[in-house]
>>> print(open('final.txt').read())   # compact mmCIF, C-alpha atoms
# COMPACT_ATOMS: atom_id res chain seq x y z
CA MET H 3 207.01 47.00 71.92
CA ILE H 4 206.29 47.08 75.66
CA SER H 5 202.97 45.52 76.66
CA ASP H 6 200.47 47.59 78.64
CA ASP H 7 200.99 45.55 81.80
CA LYS H 8 204.77 46.25 81.71
CA MET H 9 204.37 50.01 81.26
CA PRO H 10 205.05 52.04 84.41
CA LYS H 11 201.96 53.87 85.59
CA THR H 12 201.94 57.26 87.18
CA MET H 13 199.08 57.44 89.68
CA LEU H 14 197.66 60.94 89.86
CA TYR H 15 195.20 62.00 92.55
CA LEU H 16 193.64 65.37 91.75
CA ILE H 17 192.02 67.13 94.72
CA ARG H 18 189.85 70.22 94.56
CA HIS H 19 190.69 72.85 97.19
CA GLY H 20 188.43 73.50 100.19
CA ARG H 21 185.59 76.01 100.20
CA ALA H 22 186.98 79.42 99.22
CA SER H 23 185.63 82.93 99.45
CA GLY H 24 182.99 83.38 96.76
CA ASN H 25 182.28 79.67 96.17
CA LYS H 26 178.98 79.61 98.04
CA ALA H 27 177.75 82.69 96.17
CA HIS H 28 178.75 81.16 92.80
CA ILE H 29 181.29 83.90 92.12
CA LEU H 30 183.81 83.26 89.36
CA ASN H 31 187.18 83.57 91.08
CA GLY H 32 189.18 81.93 88.33
CA SER H 33 192.90 82.59 88.23
CA ARG H 34 192.64 86.35 88.74
CA ARG H 35 191.09 86.40 92.23
CA ASP H 36 193.55 84.80 94.61
CA VAL H 37 191.03 84.33 97.41
CA PRO H 38 191.66 82.43 100.68
CA LEU H 39 189.81 79.48 102.13
CA THR H 40 186.82 80.22 104.33
CA GLY H 41 186.54 78.83 107.86
CA LEU H 42 184.60 75.90 106.41
CA GLY H 43 187.29 75.47 103.77
CA PHE H 44 190.01 75.09 106.41
CA LYS H 45 187.81 72.59 108.25
CA GLN H 46 187.29 70.60 105.04
CA ALA H 47 191.06 70.57 104.43
CA ARG H 48 191.74 69.25 107.94
CA GLU H 49 189.09 66.56 107.52
CA LEU H 50 190.62 65.59 104.18
CA ALA H 51 194.03 65.14 105.81
CA LYS H 52 192.57 62.96 108.57
CA LYS H 53 190.88 60.66 106.06
CA TRP H 54 193.61 60.59 103.43
CA LYS H 55 195.45 57.21 103.44
CA ILE H 56 197.58 57.38 100.29
CA ARG H 57 201.12 58.60 100.90
CA PRO H 58 202.28 60.61 97.89
CA ASP H 59 205.72 60.47 96.37
CA VAL H 60 205.12 63.98 95.08
CA LEU H 61 202.79 66.69 96.39
CA LEU H 62 201.89 69.35 93.82
CA SER H 63 199.64 72.38 94.15
CA SER H 64 198.28 75.23 92.15
CA PRO H 65 200.11 78.31 93.50
CA MET H 66 196.80 79.98 94.38
CA LYS H 67 196.09 80.55 98.09
CA ARG H 68 193.01 78.32 98.27
CA ALA H 69 194.90 75.38 96.78
CA MET H 70 198.12 75.91 98.73
CA SER H 71 196.25 76.13 102.03
CA THR H 72 194.55 72.82 101.25
CA ALA H 73 197.83 71.19 100.22
CA ARG H 74 199.60 72.31 103.41
CA VAL H 75 197.52 70.03 105.61
CA LEU H 76 198.73 67.04 103.59
CA ALA H 77 202.29 68.39 103.59
CA ARG H 78 202.22 68.54 107.39
CA LYS H 79 200.74 65.08 107.68
CA TYR H 80 203.42 63.49 105.51
CA ARG H 81 206.23 65.92 106.40
CA MET H 82 206.97 66.71 102.81
CA LYS H 83 207.35 69.79 100.68
CA ILE H 84 204.82 71.18 98.23
CA THR H 85 205.90 71.78 94.65
CA ARG H 86 204.04 74.72 93.13
CA GLU H 87 202.79 73.87 89.66
CA PRO H 88 201.46 76.82 87.60
CA LEU H 89 199.71 74.51 85.12
CA LEU H 90 197.27 73.56 87.91
CA VAL H 91 195.73 77.04 88.23
CA GLU H 92 192.02 77.59 87.66
CA GLN H 93 190.47 78.90 84.46
CA ASP H 94 191.15 82.53 83.64
CA CYS H 95 187.64 83.99 83.79
CA GLY H 96 188.70 87.15 82.04
CA ASP H 97 186.16 89.99 82.00
CA TRP H 98 183.75 87.87 84.03
CA THR H 99 186.03 87.51 87.04
CA GLY H 100 184.18 88.35 90.25
CA ASN H 101 180.70 87.98 88.73
CA ASN H 102 177.89 85.57 89.58
CA TYR H 103 177.86 82.47 87.39
CA PHE H 104 174.07 82.15 87.15
CA LYS H 105 173.52 85.82 86.27
CA LEU H 106 176.04 85.51 83.47
CA MET H 107 174.37 82.32 82.26
CA GLN H 108 171.05 84.13 81.97
CA ALA H 109 172.52 87.20 80.32
CA HIS H 110 174.91 85.42 77.91
CA PRO H 111 173.60 81.89 77.19
CA GLN H 112 175.62 81.67 73.97
CA TYR H 113 178.83 81.35 76.00
CA PHE H 114 177.71 78.23 77.88
CA PHE H 115 177.55 74.49 77.29
CA TYR H 116 174.07 73.04 77.47
CA ASP H 117 173.02 69.51 78.29
CA GLU H 118 170.14 68.36 76.06
CA GLY H 119 169.50 71.98 75.17
CA THR H 120 168.19 73.05 78.57
CA VAL H 121 170.62 72.79 81.49
CA SER H 122 173.78 74.87 81.52
CA THR H 123 176.90 73.06 82.64
CA TYR H 124 179.85 75.39 82.08
CA MET H 125 181.40 77.96 79.79
CA VAL H 126 182.52 77.26 76.24
CA ARG H 127 184.46 80.52 76.19
CA VAL H 128 184.92 83.63 78.32
CA PRO H 129 185.33 87.22 77.09
CA GLY H 130 188.96 88.15 77.65
CA GLY H 131 189.67 84.81 79.33
CA GLU H 132 190.42 81.14 78.78
CA SER H 133 188.17 78.98 76.62
CA TRP H 134 187.32 75.36 77.33
CA ALA H 135 189.59 74.34 74.43
CA ALA H 136 192.47 76.29 75.97
CA ILE H 137 191.93 74.70 79.39
CA CYS H 138 191.92 71.22 77.83
CA HIS H 139 195.17 72.06 76.06
CA ARG H 140 196.69 73.09 79.39
CA ALA H 141 195.33 69.94 81.06
CA ARG H 142 196.95 67.76 78.42
CA LYS H 143 200.22 69.65 78.88
CA PHE H 144 200.06 69.02 82.63
CA LEU H 145 199.33 65.31 82.22
CA MET H 146 202.19 64.90 79.77
CA HIS H 147 204.49 66.80 82.15
CA ALA H 148 203.45 64.59 85.07
CA LYS H 149 204.00 61.44 83.00
CA LYS H 150 207.49 62.46 81.92
CA LYS H 151 208.74 63.99 85.18
CA TYR H 152 207.26 61.49 87.65
CA PRO H 153 207.04 58.10 85.87
CA GLY H 154 205.75 55.36 88.15
CA LYS H 155 205.21 57.77 91.04
CA THR H 156 202.13 58.51 93.13
CA ILE H 157 201.26 62.17 92.70
CA VAL H 158 198.79 64.13 94.79
CA ALA H 159 197.92 67.46 93.17
CA VAL H 160 195.63 70.12 94.63
CA SER H 161 193.86 72.11 91.95
CA HIS H 162 190.50 73.60 90.96
CA GLY H 163 187.15 72.37 89.69
CA VAL H 164 187.22 73.41 86.04
CA PHE H 165 190.81 72.30 85.55
CA MET H 166 190.02 68.92 87.10
CA HIS H 167 187.09 68.48 84.72
CA ALA H 168 189.44 69.28 81.84
CA CYS H 169 191.97 66.66 82.97
CA TRP H 170 189.21 64.07 83.27
CA SER H 171 187.91 65.04 79.82
CA VAL H 172 191.33 64.79 78.18
CA LYS H 173 192.42 61.55 79.82
CA ASN H 174 189.13 59.66 79.44
CA LYS H 175 187.98 61.28 76.17
CA ILE H 176 184.73 62.53 77.71
CA PRO H 177 183.59 65.71 75.97
CA ALA H 178 181.78 68.65 77.48
CA PRO H 179 179.03 68.93 78.51
CA GLU H 180 178.99 65.22 79.44
CA VAL H 181 182.09 65.54 81.64
CA TYR H 182 180.33 68.11 83.82
CA ARG H 183 177.90 65.49 85.03
CA ILE H 184 180.77 64.47 87.31
CA ASN H 185 180.26 66.55 90.43
CA ILE H 186 183.55 67.75 91.95
CA ARG H 187 182.79 69.42 95.26
CA ASN H 188 185.31 71.10 97.55
CA THR H 189 188.03 68.67 98.73
CA HIS H 190 186.65 65.88 96.53
CA TRP H 191 189.21 64.02 94.47
CA ARG H 192 189.62 61.96 91.32
CA ARG H 193 192.22 59.33 90.42
CA LEU H 194 193.84 59.16 86.99
CA GLU H 195 196.29 56.51 85.80
CA ILE H 196 198.75 57.97 83.31
CA TYR H 197 200.44 55.32 81.19
CA ILE H 198 203.67 55.89 79.33
CA GLY H 199 201.64 55.47 76.14
CA PHE H 200 199.34 58.38 76.99
CA GLU H 201 199.63 61.23 74.47
>>> encode(input="final.txt", output="structure tokens")
Amino acid sequence: MISDDKMPKTMLYLIRHGRASGNKAHILNGSRRDVPLTGLGFKQARELAKKWKIRPDVLLSSPMKRAMSTARVLARKYRMKITREPLLVEQDCGDWTGNNYFKLMQAHPQYFFYDEGTVSTYMVRVPGGESWAAICHRARKFLMHAKKKYPGKTIVAVSHGVFMHACWSVKNKIPAPEVYRINIRNTHWRRLEIYIGFE
């Protein structure tokens, strides 16, 4: 049996895209509204590229416009190509796509996670869309794919807030709603180490 210190580690840096149309107004874009970055979002992406010091071996992105536009600034900096990865897309918000998060929370509290019974964090399920359980399943599938395809590599992947929370939840065994205490703002990132033993 290989000891933990001999196992190759895949270093994964997950970055949330820059500010996109609808983010400020708390609109659920999900995977059905392929909205662009705002002016601020492009500025955030450029600032991210200036500050970013970790050269990736692989640059992945959700194929959605807001993620691809964010990834392009890193692609230009490191003169490398972007690999589109469909598993990185945001939650499918189903029938709620294009609606205000807080209005839905007030109208349909039974669909939301609650922290200590009072503060909503995010959706357990979505009518006609992707449940939290389904997103976590997809996150696990992505992490397993990354482990197998890029063993020992440094991966930078541009994705979306809910999917990033799901990856963090799956890898570190932090359930919802606790995982949503981690605030992932636009262009913020999280590092995950994926060991060969991860399943």
>>> closest_atom_pairs(input="final.txt", of="range 82-183 of chain H", to="range 31-36 of chain H", cutoff="9 Å", atoms="all atoms listed in the file", output="JSON lines")
{"residue": "H:Val91", "atom": "CA", "partner": "H:Ser33", "partner_atom": "CA", "distance": 6.2}
{"residue": "H:Glu92", "atom": "CA", "partner": "H:Ser33", "partner_atom": "CA", "distance": 5.1}
{"residue": "H:Gln93", "atom": "CA", "partner": "H:Gly32", "partner_atom": "CA", "distance": 5.1}
{"residue": "H:Asp94", "atom": "CA", "partner": "H:Ser33", "partner_atom": "CA", "distance": 4.9}
{"residue": "H:Cys95", "atom": "CA", "partner": "H:Gly32", "partner_atom": "CA", "distance": 5.2}
{"residue": "H:Gly96", "atom": "CA", "partner": "H:Arg34", "partner_atom": "CA", "distance": 7.8}
{"residue": "H:Trp98", "atom": "CA", "partner": "H:Asn31", "partner_atom": "CA", "distance": 8.9}
{"residue": "H:Thr99", "atom": "CA", "partner": "H:Asn31", "partner_atom": "CA", "distance": 5.8}
{"residue": "H:Gly100", "atom": "CA", "partner": "H:Asn31", "partner_atom": "CA", "distance": 5.7}
{"residue": "H:Asn101", "atom": "CA", "partner": "H:Asn31", "partner_atom": "CA", "distance": 8.2}
{"residue": "H:His162", "atom": "CA", "partner": "H:Gly32", "partner_atom": "CA", "distance": 8.8}
>>> closest_residue(input="final.txt", among="H:Leu76, H:Lys11, H:Arg193, H:Tyr103", to="Ala27 in chain H", atoms="all atoms listed in the file")
H:Tyr103
>>> atom_distance(input="final.txt", atom1="CA of Ala141 in chain H", atom2="CA of Gln46 in chain H")
25.3 Å
>>> residues_around(input="final.txt", residues="Tyr80 in chain H", least_positions_apart="6", cutoff="12 Å", atoms="all atoms listed in the file", output="list of chain:residue names")
H:Ala51, H:Lys52, H:Trp54, H:Lys55, H:Ile56, H:Arg57, H:Pro58, H:Asp59, H:Val60, H:Leu61, H:Ala73, H:Arg74, H:Val158
>>> closest_residue(input="final.txt", among="H:His19, H:Lys175, H:Lys155, H:His110", to="Arg142 in chain H", atoms="only C-alpha atoms")
H:Lys175
